[in-house]
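Trainee: Could you have a look at this structure, given as structure tokens, before my questions?
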Amino acid sequence: MTNLMDQTYDLLRHLTSPIVAITSRRGDEVNGMIANSAARASLSKEKPRVSVYIHKFNYSHDMIFESGRFVMHILGEEDLATVDRLGFASRRDGAKMQDVTYSTGKLGLPILDDCYCYFECDVVNVMDTGGSTLFLGAVQHTERGNREHPMTPTYMREAISDDRRREYIENLAVAQRHATERADEMRTVIWPGLSR
């Protein structure tokens, strides 16, 4: 059984997205995090949407859930320093955004100065998946950034330092345990702004 689970997990890794930075704001508080669980969620040019899974243990989770907004940045291969800053620290331990250069976007959220592109989003629906929440974002504004090539998870894992790779593997194991323990703790969520 373990062999089948390992094989399934390894094969599912091919479904991951580019590396994205998710930024959010709650009042005067700003935050950012790294994810590789983002996807285009609409074929409509008139109604562009994106989706991203945020683990419930991430500080950003509650910020996004409470504010109903986020910015998804596709990072470039040159943005390993951003991955290092936003992916290997917790907001609970201090202000993660203090060494990251950003401006304020049209929705009042942090826009990273360096990225491949970004999408400012209003949350239009959510789905509880147990250990995480799937946020569906309606894109309100987007711009192409200054980077040439999107960063893939494979590129990131190969390009980070050996120390960061070990830390990544340790953090991944913690996240996997959290996800497994809460996988069946799903609840129905009706998003407040959802019209039927």
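Just remember, in the structure tokens the first chain shown is A, the second B, etc., residues are 1-based per chain, and ligands are 1-based in the order shown.
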Applying 7 Å and only C-alpha atoms, which residues near region 123-130 of chain A remain after dropping the ones on its own chain fewer than 6 positions away? List them as a PDB file with all heavy atoms, in the first residue's frame.
Mentor:
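Saved the output as result_19.pdb:
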```pdb
ATOM      1  N   GLY A  68     -11.101  38.415   1.748  1.00  0.00           N
ATOM      2  CA  GLY A  68     -11.747  38.095   0.475  1.00  0.00           C
ATOM      3  C   GLY A  68     -10.962  38.553  -0.737  1.00  0.00           C
ATOM      4  O   GLY A  68     -11.526  38.692  -1.836  1.00  0.00           O
ATOM      5  N   ARG A  69      -9.654  38.730  -0.580  1.00  0.00           N
ATOM      6  CA  ARG A  69      -8.815  39.190  -1.694  1.00  0.00           C
ATOM      7  C   ARG A  69      -7.412  38.587  -1.589  1.00  0.00           C
ATOM      8  O   ARG A  69      -6.928  38.297  -0.500  1.00  0.00           O
ATOM      9  CB  ARG A  69      -8.692  40.710  -1.682  1.00  0.00           C
ATOM     10  CG  ARG A  69      -9.967  41.409  -2.041  1.00  0.00           C
ATOM     11  CD  ARG A  69      -9.766  42.889  -2.129  1.00  0.00           C
ATOM     12  NE  ARG A  69     -10.863  43.446  -2.920  1.00  0.00           N
ATOM     13  CZ  ARG A  69     -11.170  44.720  -2.939  1.00  0.00           C
ATOM     14  NH1 ARG A  69     -10.455  45.588  -2.244  1.00  0.00           N
ATOM     15  NH2 ARG A  69     -12.187  45.151  -3.669  1.00  0.00           N
ATOM     16  N   LEU A 136     -11.205  30.448  -5.059  1.00  0.00           N
ATOM     17  CA  LEU A 136     -11.456  30.790  -6.451  1.00  0.00           C
ATOM     18  C   LEU A 136     -11.463  32.304  -6.551  1.00  0.00           C
ATOM     19  O   LEU A 136     -12.266  32.981  -5.893  1.00  0.00           O
ATOM     20  CB  LEU A 136     -12.807  30.222  -6.908  1.00  0.00           C
ATOM     21  CG  LEU A 136     -13.207  30.537  -8.351  1.00  0.00           C
ATOM     22  CD1 LEU A 136     -12.247  29.875  -9.340  1.00  0.00           C
ATOM     23  CD2 LEU A 136     -14.638  30.077  -8.608  1.00  0.00           C
ATOM     24  N   GLY A 137     -10.550  32.834  -7.341  1.00  0.00           N
ATOM     25  CA  GLY A 137     -10.417  34.281  -7.451  1.00  0.00           C
ATOM     26  C   GLY A 137     -10.836  34.796  -8.806  1.00  0.00           C
ATOM     27  O   GLY A 137     -10.422  34.260  -9.842  1.00  0.00           O
ATOM     28  N   ALA A 138     -11.673  35.835  -8.802  1.00  0.00           N
ATOM     29  CA  ALA A 138     -12.026  36.543 -10.035  1.00  0.00           C
ATOM     30  C   ALA A 138     -10.948  37.602 -10.264  1.00  0.00           C
ATOM     31  O   ALA A 138     -10.728  38.471  -9.423  1.00  0.00           O
ATOM     32  CB  ALA A 138     -13.399  37.193  -9.907  1.00  0.00           C
ATOM     33  N   ARG A 182      -6.027  16.010   8.613  1.00  0.00           N
ATOM     34  CA  ARG A 182      -7.246  16.815   8.471  1.00  0.00           C
ATOM     35  C   ARG A 182      -7.991  16.561   7.156  1.00  0.00           C
ATOM     36  O   ARG A 182      -8.949  17.256   6.844  1.00  0.00           O
ATOM     37  CB  ARG A 182      -6.885  18.295   8.591  1.00  0.00           C
ATOM     38  CG  ARG A 182      -6.515  18.661  10.009  1.00  0.00           C
ATOM     39  CD  ARG A 182      -5.715  19.934  10.096  1.00  0.00           C
ATOM     40  NE  ARG A 182      -5.360  20.248  11.473  1.00  0.00           N
ATOM     41  CZ  ARG A 182      -4.352  19.697  12.133  1.00  0.00           C
ATOM     42  NH1 ARG A 182      -3.601  18.786  11.557  1.00  0.00           N
ATOM     43  NH2 ARG A 182      -4.077  20.020  13.376  1.00  0.00           N
ATOM     44  N   ALA A 183      -7.548  15.577   6.408  1.00  0.00           N
ATOM     45  CA  ALA A 183      -8.112  15.332   5.078  1.00  0.00           C
ATOM     46  C   ALA A 183      -9.620  15.121   5.085  1.00  0.00           C
ATOM     47  O   ALA A 183     -10.311  15.505   4.127  1.00  0.00           O
ATOM     48  CB  ALA A 183      -7.424  14.132   4.428  1.00  0.00           C
ATOM     49  N   ASP A 184     -10.155  14.559   6.131  1.00  0.00           N
ATOM     50  CA  ASP A 184     -11.585  14.266   6.174  1.00  0.00           C
ATOM     51  C   ASP A 184     -12.379  15.258   7.017  1.00  0.00           C
ATOM     52  O   ASP A 184     -13.561  15.058   7.268  1.00  0.00           O
ATOM     53  CB  ASP A 184     -11.804  12.836   6.701  1.00  0.00           C
ATOM     54  CG  ASP A 184     -11.185  11.802   5.778  1.00  0.00           C
ATOM     55  OD1 ASP A 184     -11.239  12.002   4.541  1.00  0.00           O
ATOM     56  OD2 ASP A 184     -10.624  10.809   6.286  1.00  0.00           O
ATOM     57  N   GLU A 185     -11.752  16.347   7.444  1.00  0.00           N
ATOM     58  CA  GLU A 185     -12.416  17.356   8.273  1.00  0.00           C
ATOM     59  C   GLU A 185     -12.984  18.485   7.423  1.00  0.00           C
ATOM     60  O   GLU A 185     -12.759  19.659   7.685  1.00  0.00           O
ATOM     61  CB  GLU A 185     -11.421  17.924   9.299  1.00  0.00           C
ATOM     62  CG  GLU A 185     -10.913  16.909  10.291  1.00  0.00           C
ATOM     63  CD  GLU A 185      -9.854  17.480  11.225  1.00  0.00           C
ATOM     64  OE1 GLU A 185      -9.611  18.708  11.200  1.00  0.00           O
ATOM     65  OE2 GLU A 185      -9.264  16.688  11.972  1.00  0.00           O
ATOM     66  N   MET A 186     -13.716  18.142   6.411  1.00  0.00           N
ATOM     67  CA  MET A 186     -14.275  19.152   5.511  1.00  0.00           C
ATOM     68  C   MET A 186     -15.618  19.665   6.027  1.00  0.00           C
ATOM     69  O   MET A 186     -16.390  18.907   6.601  1.00  0.00           O
ATOM     70  CB  MET A 186     -14.441  18.576   4.107  1.00  0.00           C
ATOM     71  CG  MET A 186     -13.126  18.308   3.424  1.00  0.00           C
ATOM     72  SD  MET A 186     -13.327  17.420   1.892  1.00  0.00           S
ATOM     73  CE  MET A 186     -13.257  15.738   2.468  1.00  0.00           C
ATOM     74  N   ARG A 187     -15.836  20.951   5.795  1.00  0.00           N
ATOM     75  CA  ARG A 187     -17.122  21.545   6.173  1.00  0.00           C
ATOM     76  C   ARG A 187     -17.652  22.328   4.976  1.00  0.00           C
ATOM     77  O   ARG A 187     -16.902  22.792   4.126  1.00  0.00           O
ATOM     78  CB  ARG A 187     -16.968  22.444   7.388  1.00  0.00           C
ATOM     79  CG  ARG A 187     -16.013  23.596   7.182  1.00  0.00           C
ATOM     80  CD  ARG A 187     -15.753  24.353   8.482  1.00  0.00           C
ATOM     81  NE  ARG A 187     -14.697  25.325   8.306  1.00  0.00           N
ATOM     82  CZ  ARG A 187     -14.859  26.556   7.846  1.00  0.00           C
ATOM     83  NH1 ARG A 187     -16.049  26.988   7.498  1.00  0.00           N
ATOM     84  NH2 ARG A 187     -13.843  27.382   7.723  1.00  0.00           N
ATOM     85  N   THR A 188     -18.936  22.460   4.928  1.00  0.00           N
ATOM     86  CA  THR A 188     -19.558  23.238   3.856  1.00  0.00           C
ATOM     87  C   THR A 188     -19.370  24.717   4.152  1.00  0.00           C
ATOM     88  O   THR A 188     -19.642  25.174   5.260  1.00  0.00           O
ATOM     89  CB  THR A 188     -21.058  22.917   3.754  1.00  0.00           C
ATOM     90  OG1 THR A 188     -21.188  21.513   3.504  1.00  0.00           O
ATOM     91  CG2 THR A 188     -21.713  23.712   2.646  1.00  0.00           C
ATOM     92  N   VAL A 189     -18.885  25.451   3.166  1.00  0.00           N
ATOM     93  CA  VAL A 189     -18.687  26.887   3.316  1.00  0.00           C
ATOM     94  C   VAL A 189     -19.483  27.590   2.220  1.00  0.00           C
ATOM     95  O   VAL A 189     -19.324  27.288   1.043  1.00  0.00           O
ATOM     96  CB  VAL A 189     -17.196  27.269   3.182  1.00  0.00           C
ATOM     97  CG1 VAL A 189     -17.012  28.771   3.342  1.00  0.00           C
ATOM     98  CG2 VAL A 189     -16.352  26.504   4.197  1.00  0.00           C
ATOM     99  N   TRP A 191     -19.747  31.037   0.570  1.00  0.00           N
ATOM    100  CA  TRP A 191     -19.010  32.289   0.511  1.00  0.00           C
ATOM    101  C   TRP A 191     -20.004  33.452   0.568  1.00  0.00           C
ATOM    102  O   TRP A 191     -20.987  33.455  -0.164  1.00  0.00           O
ATOM    103  CB  TRP A 191     -18.156  32.353  -0.750  1.00  0.00           C
ATOM    104  CG  TRP A 191     -17.189  33.479  -0.703  1.00  0.00           C
ATOM    105  CD1 TRP A 191     -17.219  34.613  -1.471  1.00  0.00           C
ATOM    106  CD2 TRP A 191     -16.088  33.629   0.180  1.00  0.00           C
ATOM    107  NE1 TRP A 191     -16.181  35.430  -1.126  1.00  0.00           N
ATOM    108  CE2 TRP A 191     -15.476  34.864  -0.103  1.00  0.00           C
ATOM    109  CE3 TRP A 191     -15.559  32.837   1.200  1.00  0.00           C
ATOM    110  CZ2 TRP A 191     -14.358  35.318   0.582  1.00  0.00           C
ATOM    111  CZ3 TRP A 191     -14.453  33.292   1.877  1.00  0.00           C
ATOM    112  CH2 TRP A 191     -13.859  34.509   1.570  1.00  0.00           C
ATOM    113  N   GLY A 193     -20.260  36.469  -0.525  1.00  0.00           N
ATOM    114  CA  GLY A 193     -20.598  37.243  -1.715  1.00  0.00           C
ATOM    115  C   GLY A 193     -21.160  36.425  -2.857  1.00  0.00           C
ATOM    116  O   GLY A 193     -21.408  36.950  -3.948  1.00  0.00           O
ATOM    117  N   LEU A 194     -21.375  35.145  -2.631  1.00  0.00           N
ATOM    118  CA  LEU A 194     -21.831  34.274  -3.704  1.00  0.00           C
ATOM    119  C   LEU A 194     -23.299  34.507  -4.013  1.00  0.00           C
ATOM    120  O   LEU A 194     -24.158  34.449  -3.151  1.00  0.00           O
ATOM    121  CB  LEU A 194     -21.635  32.807  -3.292  1.00  0.00           C
ATOM    122  CG  LEU A 194     -21.890  31.755  -4.358  1.00  0.00           C
ATOM    123  CD1 LEU A 194     -20.931  31.914  -5.530  1.00  0.00           C
ATOM    124  CD2 LEU A 194     -21.743  30.370  -3.748  1.00  0.00           C
TER     125      LEU A 194
END
```
Trainee: Could you list, with a cut-off of 7 Å and counting only C-alpha atoms, the residues of region 78-151 of chain A near region 52-67 of chain A, each shown with its nearest atom pair and the distance in Å rounded to one decimal, rows sorted by chain and ascending number, as CSV?
Mentor:
```
residue,atom,partner,partner_atom,distance
A:Arg91,CA,A:Tyr59,CA,6.4
A:Gly131,CA,A:His55,CA,5.9
A:Ser132,CA,A:His55,CA,3.9
A:Thr133,CA,A:Ile54,CA,5.5
A:Leu134,CA,A:Tyr53,CA,4.4
A:Phe135,CA,A:Val52,CA,5.5
A:Leu136,CA,A:Val52,CA,6.9
```
Trainee: Measuring between only C-alpha atoms, which one of A:Asn36, A:Gln176, A:Thr8, A:Thr142 shows the shortest distance to Leu75 (chain A)?
Mentor: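 Looking at the shortest contact to Leu75 (chain A), the residue is A:Asn36.
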Trainee: DSSP on the backbone: which residues in region 79-188 of chain A end up as alpha helix (DSSP H)? Give the answer as an MDAnalysis selection string.
Mentor: chainID A and resid 80:87 153:159 162:182
Trainee: List as an mmCIF file with all heavy atoms, in the first residue's frame the protein and nucleic acid residues near Asn31 (chain A), meaning an atom at most 10 Å away when only C-alpha atoms are counted, but skip any in the same chain fewer than 6 places from it.
Mentor:
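Below you can see out_11.cif, which holds the result:
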```cif
data_model
loop_
_atom_site.group_PDB
_atom_site.id
_atom_site.type_symbol
_atom_site.label_atom_id
_atom_site.label_comp_id
_atom_site.auth_asym_id
_atom_site.auth_seq_id
_atom_site.Cartn_x
_atom_site.Cartn_y
_atom_site.Cartn_z
ATOM 1 N N ILE A 22 1.791 34.395 -3.207
ATOM 2 C CA ILE A 22 0.460 34.902 -2.895
ATOM 3 C C ILE A 22 0.634 36.006 -1.851
ATOM 4 O O ILE A 22 1.229 35.771 -0.806
ATOM 5 C CB ILE A 22 -0.443 33.786 -2.322
ATOM 6 C CG1 ILE A 22 -0.505 32.578 -3.263
ATOM 7 C CG2 ILE A 22 -1.832 34.336 -1.996
ATOM 8 C CD1 ILE A 22 -1.187 32.832 -4.580
ATOM 9 N N THR A 23 0.128 37.193 -2.163
ATOM 10 C CA THR A 23 0.180 38.280 -1.180
ATOM 11 C C THR A 23 -1.235 38.642 -0.762
ATOM 12 O O THR A 23 -2.201 38.425 -1.500
ATOM 13 C CB THR A 23 0.910 39.524 -1.734
ATOM 14 O OG1 THR A 23 0.264 39.965 -2.923
ATOM 15 C CG2 THR A 23 2.371 39.217 -2.007
ATOM 16 N N SER A 24 -1.325 39.189 0.451
ATOM 17 C CA SER A 24 -2.632 39.532 1.005
ATOM 18 C C SER A 24 -2.485 40.716 1.955
ATOM 19 O O SER A 24 -1.382 41.075 2.357
ATOM 20 C CB SER A 24 -3.239 38.323 1.719
ATOM 21 O OG SER A 24 -2.340 37.798 2.684
ATOM 22 N N ARG A 25 -3.629 41.293 2.303
ATOM 23 C CA ARG A 25 -3.674 42.400 3.267
ATOM 24 C C ARG A 25 -4.911 42.218 4.138
ATOM 25 O O ARG A 25 -5.985 41.870 3.655
ATOM 26 C CB ARG A 25 -3.759 43.742 2.550
ATOM 27 C CG ARG A 25 -3.914 44.933 3.513
ATOM 28 C CD ARG A 25 -4.061 46.259 2.771
ATOM 29 N NE ARG A 25 -2.878 46.601 2.021
ATOM 30 C CZ ARG A 25 -1.791 47.212 2.509
ATOM 31 N NH1 ARG A 25 -1.746 47.538 3.783
ATOM 32 N NH2 ARG A 25 -0.776 47.488 1.741
ATOM 33 N N TYR A 59 -0.319 31.329 7.720
ATOM 34 C CA TYR A 59 -0.840 32.591 8.257
ATOM 35 C C TYR A 59 -1.696 33.305 7.214
ATOM 36 O O TYR A 59 -2.722 33.911 7.541
ATOM 37 C CB TYR A 59 0.338 33.473 8.685
ATOM 38 C CG TYR A 59 -0.044 34.641 9.550
ATOM 39 C CD1 TYR A 59 -0.115 34.510 10.931
ATOM 40 C CD2 TYR A 59 -0.327 35.882 8.990
ATOM 41 C CE1 TYR A 59 -0.452 35.578 11.733
ATOM 42 C CE2 TYR A 59 -0.676 36.956 9.782
ATOM 43 C CZ TYR A 59 -0.746 36.805 11.151
ATOM 44 O OH TYR A 59 -1.089 37.869 11.944
ATOM 45 N N SER A 60 -1.286 33.231 5.960
ATOM 46 C CA SER A 60 -2.022 33.893 4.876
ATOM 47 C C SER A 60 -3.441 33.354 4.705
ATOM 48 O O SER A 60 -4.317 34.065 4.211
ATOM 49 C CB SER A 60 -1.279 33.745 3.548
ATOM 50 O OG SER A 60 -0.078 34.467 3.557
ATOM 51 N N MET A 63 -5.926 35.441 6.531
ATOM 52 C CA MET A 63 -5.933 36.792 5.962
ATOM 53 C C MET A 63 -6.768 36.832 4.675
ATOM 54 O O MET A 63 -7.570 37.735 4.465
ATOM 55 C CB MET A 63 -4.508 37.274 5.685
ATOM 56 C CG MET A 63 -3.703 37.555 6.945
ATOM 57 S SD MET A 63 -2.022 38.115 6.612
ATOM 58 C CE MET A 63 -2.333 39.744 5.916
ATOM 59 N N ILE A 64 -6.576 35.834 3.819
ATOM 60 C CA ILE A 64 -7.331 35.770 2.567
ATOM 61 C C ILE A 64 -8.800 35.478 2.852
ATOM 62 O O ILE A 64 -9.697 36.110 2.289
ATOM 63 C CB ILE A 64 -6.734 34.711 1.624
ATOM 64 C CG1 ILE A 64 -5.313 35.119 1.210
ATOM 65 C CG2 ILE A 64 -7.618 34.510 0.399
ATOM 66 C CD1 ILE A 64 -4.523 34.019 0.540
ATOM 67 N N LEU A 86 9.784 34.449 1.323
ATOM 68 C CA LEU A 86 8.365 34.193 1.585
ATOM 69 C C LEU A 86 8.048 32.724 1.826
ATOM 70 O O LEU A 86 6.996 32.408 2.378
ATOM 71 C CB LEU A 86 7.511 34.719 0.427
ATOM 72 C CG LEU A 86 7.613 36.220 0.150
ATOM 73 C CD1 LEU A 86 6.685 36.607 -0.994
ATOM 74 C CD2 LEU A 86 7.315 37.038 1.397
ATOM 75 N N SER A 90 7.840 32.334 8.565
ATOM 76 C CA SER A 90 6.429 32.454 8.909
ATOM 77 C C SER A 90 6.146 33.870 9.381
ATOM 78 O O SER A 90 6.962 34.473 10.087
ATOM 79 C CB SER A 90 6.059 31.466 10.020
ATOM 80 O OG SER A 90 4.741 31.726 10.479
ATOM 81 N N ARG A 91 4.996 34.388 9.020
ATOM 82 C CA ARG A 91 4.569 35.705 9.494
ATOM 83 C C ARG A 91 4.458 35.712 11.011
ATOM 84 O O ARG A 91 4.642 36.736 11.654
ATOM 85 C CB ARG A 91 3.233 36.080 8.837
ATOM 86 C CG ARG A 91 2.599 37.371 9.363
ATOM 87 C CD ARG A 91 3.474 38.574 8.997
ATOM 88 N NE ARG A 91 2.887 39.813 9.427
ATOM 89 C CZ ARG A 91 3.070 40.360 10.633
ATOM 90 N NH1 ARG A 91 3.810 39.748 11.539
ATOM 91 N NH2 ARG A 91 2.510 41.512 10.933
ATOM 92 N N ALA A 95 7.683 40.150 10.444
ATOM 93 C CA ALA A 95 7.167 40.698 9.184
ATOM 94 C C ALA A 95 7.958 40.138 8.004
ATOM 95 O O ALA A 95 9.102 40.515 7.774
ATOM 96 C CB ALA A 95 7.238 42.224 9.210
ATOM 97 N N LYS A 96 7.350 39.246 7.260
ATOM 98 C CA LYS A 96 8.021 38.614 6.120
ATOM 99 C C LYS A 96 8.249 39.578 4.962
ATOM 100 O O LYS A 96 9.173 39.410 4.185
ATOM 101 C CB LYS A 96 7.175 37.442 5.608
ATOM 102 C CG LYS A 96 7.151 36.260 6.507
ATOM 103 C CD LYS A 96 6.123 35.227 6.067
ATOM 104 C CE LYS A 96 6.471 34.555 4.781
ATOM 105 N NZ LYS A 96 5.556 33.440 4.455
ATOM 106 N N MET A 97 7.398 40.573 4.831
ATOM 107 C CA MET A 97 7.455 41.446 3.654
ATOM 108 C C MET A 97 8.451 42.595 3.814
ATOM 109 O O MET A 97 8.658 43.358 2.881
ATOM 110 C CB MET A 97 6.063 42.018 3.372
ATOM 111 C CG MET A 97 5.010 40.985 3.026
ATOM 112 S SD MET A 97 5.215 40.268 1.400
ATOM 113 C CE MET A 97 4.655 41.620 0.374
ATOM 114 N N GLN A 98 9.116 42.721 4.968
ATOM 115 C CA GLN A 98 9.965 43.884 5.206
ATOM 116 C C GLN A 98 11.158 43.956 4.258
ATOM 117 O O GLN A 98 11.633 45.041 3.947
ATOM 118 C CB GLN A 98 10.426 43.938 6.657
ATOM 119 C CG GLN A 98 11.364 42.826 7.061
ATOM 120 C CD GLN A 98 11.670 42.845 8.542
ATOM 121 O OE1 GLN A 98 11.071 43.587 9.300
ATOM 122 N NE2 GLN A 98 12.599 42.006 8.962
ATOM 123 N N LEU A 109 -3.701 45.788 -2.369
ATOM 124 C CA LEU A 109 -2.884 44.657 -1.947
ATOM 125 C C LEU A 109 -1.441 44.826 -2.409
ATOM 126 O O LEU A 109 -1.164 45.550 -3.373
ATOM 127 C CB LEU A 109 -3.454 43.358 -2.527
ATOM 128 C CG LEU A 109 -4.920 43.066 -2.207
ATOM 129 C CD1 LEU A 109 -5.402 41.864 -2.981
ATOM 130 C CD2 LEU A 109 -5.095 42.846 -0.725
ATOM 131 N N PRO A 110 -0.498 44.124 -1.761
ATOM 132 C CA PRO A 110 0.903 44.224 -2.168
ATOM 133 C C PRO A 110 1.154 43.565 -3.527
ATOM 134 O O PRO A 110 0.770 42.418 -3.748
ATOM 135 C CB PRO A 110 1.665 43.478 -1.081
ATOM 136 C CG PRO A 110 0.692 43.141 -0.021
ATOM 137 C CD PRO A 110 -0.673 43.282 -0.583
#
```
Trainee: Between CA of Asp122 (chain A) and CA of Leu107 (chain A), what is the spacing in Å?
Mentor: 8.6 Å
Trainee: Compile the contact shell of Tyr118 (chain A) as a PyMOL selection string: residues with an atom at most 6 Å away, counting only C-alpha atoms, same-chain residues fewer than 3 positions apart removed.
Mentor: chain A and resi 72-73+142-143
Trainee: Write down as a ChimeraX atom specification the residues belonging to region 79-161 of chain A that are assigned strand (DSSP E) by DSSP computed on the backbone.
Mentor: /A:102-104,110-112,117-128,132-144
Trainee: I'd like the neighbourhood of Asp84 (chain A) as a list in words, where a residue qualifies if any of its atoms comes within 10 Å (using only C-alpha atoms), though same-chain residues fewer than 3 positions away should be ignored.
Mentor: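 Near neighbours after the sequence-gap exclusion: Ile34, Asp79, Leu80, Ala81, Gly87, Phe88, Ala89, Ile160, Ser161 and Arg164 of chain A.
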